[in-house]
Amino acid sequence: YVLAFSFYLFPMIPASNLFFPVGFTLAERVLFTPSIAVGLLVIIIGYEVRSFVERQSLSKQSSKWVTYLLPGYFVSFVPLLTWFCMFTVIRNGDWNNPVDLWCKNAESYPGSDFAHHNCAKHLLDYSKQSGDYAIHEPKIIYHFRESLRLDPCSDASALTLADILLSKDQVLEAIDEYYNLIACAPQYAPVYSNLGVALYRLGRIEEAKLSYLR
């Protein structure tokens with residue numbers, strides 16, 4: 001029992017984020033070792049049930065139902081295994097492409113800035129390749145904003161969101177995002193070049209020059 005519960009609990013401790021934050025969502029890879037634990041528990045409990053049946057069969061007071069106990073124990077797992085198989089088939093659909101996978105993760109774990117960022121990033125790449133950017137743009141912006149709400153200093157999310165706003169001619173909003181990013185990561189070089197472009201569009205030439213020189 002101790003071995004089985006160890007296989008189950010130890011992999012879950014990092015993913016739980018209870019004792020220290022690790023920053024990733026509970027993924028299938030975390031469930032491999034706990035699956036061994038479940039298998040061990042099924043076998044251990046089955047062995048205990050068989051021992052109980054053997055003791056009862058030797059007893060003069062044994063009932064007929066005892067003989068059906070062990071087969072009934074294993075048959076009871078059929079609905080559970082069926083449900084797990086169905087869930088696996090459904091989950092496999094999320095692995096068709098990175099967009100489905102990460103956007104499903106963002107939906108399942110709305111508190112993960114990592115999931116929101118990857119959903120927006122892969123959806124942005126996909127929409128540019130497919131030519132459907134205009135359709136997906138609101139969703140892309142939403143997930144980048146969610147990523148920044150959860151982690152205001154996410155440099156990749158902030159820079160990409162600001163670039164999108166700049167491409168939509170929302171220059172003032174883009175400049176705000178650039179300055180927010182500079183406050184979090186003053187050594188992040190790409191932001192200064194893009195900020196210079198935004199300032200130049202507003203006619204703030206001297207500020208743009210200073211930003212380029214940074």
# chains A, B, ... in the order shown; residues from 1 in each chain; ligands from 1
call {"tool": "residues_around", "arguments": {"residues": "stretch 204-213 of chain A", "least_positions_apart": "5", "cutoff": "7 Å", "atoms": "only C-alpha atoms", "output": "PDB file with N, CA, C and O atoms, in the first residue's frame"}}
result
ATOM      1  N   TYR A 192      12.545  48.209 -27.223  1.00  0.00           N
ATOM      2  CA  TYR A 192      12.935  49.589 -27.507  1.00  0.00           C
ATOM      3  C   TYR A 192      12.807  49.903 -28.998  1.00  0.00           C
ATOM      4  O   TYR A 192      12.394  51.007 -29.378  1.00  0.00           O
ATOM      5  N   SER A 193      13.160  48.942 -29.831  1.00  0.00           N
ATOM      6  CA  SER A 193      13.026  49.149 -31.277  1.00  0.00           C
ATOM      7  C   SER A 193      11.556  49.327 -31.668  1.00  0.00           C
ATOM      8  O   SER A 193      11.202  50.239 -32.422  1.00  0.00           O
ATOM      9  N   LEU A 195       9.089  50.189 -29.680  1.00  0.00           N
ATOM     10  CA  LEU A 195       8.599  51.435 -29.080  1.00  0.00           C
ATOM     11  C   LEU A 195       8.987  52.624 -29.945  1.00  0.00           C
ATOM     12  O   LEU A 195       8.196  53.566 -30.128  1.00  0.00           O
ATOM     13  N   GLY A 196      10.203  52.590 -30.494  1.00  0.00           N
ATOM     14  CA  GLY A 196      10.641  53.664 -31.380  1.00  0.00           C
ATOM     15  C   GLY A 196       9.736  53.800 -32.599  1.00  0.00           C
ATOM     16  O   GLY A 196       9.403  54.911 -33.019  1.00  0.00           O
ATOM     17  N   VAL A 197       9.308  52.680 -33.161  1.00  0.00           N
ATOM     18  CA  VAL A 197       8.394  52.704 -34.310  1.00  0.00           C
ATOM     19  C   VAL A 197       7.082  53.363 -33.919  1.00  0.00           C
ATOM     20  O   VAL A 197       6.532  54.212 -34.653  1.00  0.00           O
ATOM     21  N   LEU A 199       6.463  55.466 -31.389  1.00  0.00           N
ATOM     22  CA  LEU A 199       6.649  56.900 -31.113  1.00  0.00           C
ATOM     23  C   LEU A 199       6.813  57.690 -32.410  1.00  0.00           C
ATOM     24  O   LEU A 199       6.319  58.817 -32.538  1.00  0.00           O
TER      25      LEU A 199
END
call {"tool": "residues_around", "arguments": {"residues": "stretch 133-149 of chain A", "least_positions_apart": "4", "cutoff": "10 Å", "atoms": "only C-alpha atoms", "output": "ChimeraX atom specification"}}
result
/A:103,106,110-129,153-162,164-165
call {"tool": "select_by_dssp", "arguments": {"residues": "stretch 10-213 of chain A", "states": "alpha helix (DSSP H)", "output": "MDAnalysis selection string"}}
result
chainID A and resid 10:16 32:58 69:75 77:92 98:108 113:130 133:150 155:167 171:184 190:201 205:213
call {"tool": "closest_residue", "arguments": {"among": "A:Arg214, A:Leu41, A:Thr88, A:Val171", "to": "A:Tyr188", "atoms": "only C-alpha atoms"}}
result
A:Arg214
call {"tool": "closest_residue", "arguments": {"among": "A:Ser167, A:Ser51, A:Asn180, A:Asn96", "to": "A:Asp151", "atoms": "only C-alpha atoms"}}
result
A:Asn180
call {"tool": "residues_around", "arguments": {"residues": "stretch 36-38 of chain A", "least_positions_apart": "4", "cutoff": "10 Å", "atoms": "only C-alpha atoms", "output": "JSON, numbers by chain"}}
result
{"A": [1, 2, 3, 4, 5, 6, 7, 8, 9, 31, 32, 42, 43, 44]}
call {"tool": "atom_distance", "arguments": {"atom1": "atom CA of A:Pro79", "atom2": "atom CA of A:Pro34"}}
result
19.8 Å
call {"tool": "closest_residue", "arguments": {"among": "A:Ala189, A:Ala174, A:Val75, A:Ala183", "to": "A:Arg201", "atoms": "only C-alpha atoms"}}
result
A:Ala174
call {"tool": "closest_residue", "arguments": {"among": "A:Ser35, A:Thr82, A:Leu202, A:Tyr68", "to": "A:Val49", "atoms": "only C-alpha atoms"}}
result
A:Tyr68
call {"tool": "atom_distance", "arguments": {"atom1": "atom CA of A:Gly39", "atom2": "atom CA of A:Phe84"}}
result
13.7 Å
call {"tool": "atom_distance", "arguments": {"atom1": "atom CA of A:Asp100", "atom2": "atom CA of A:Trp83"}}
result
22.2 Å
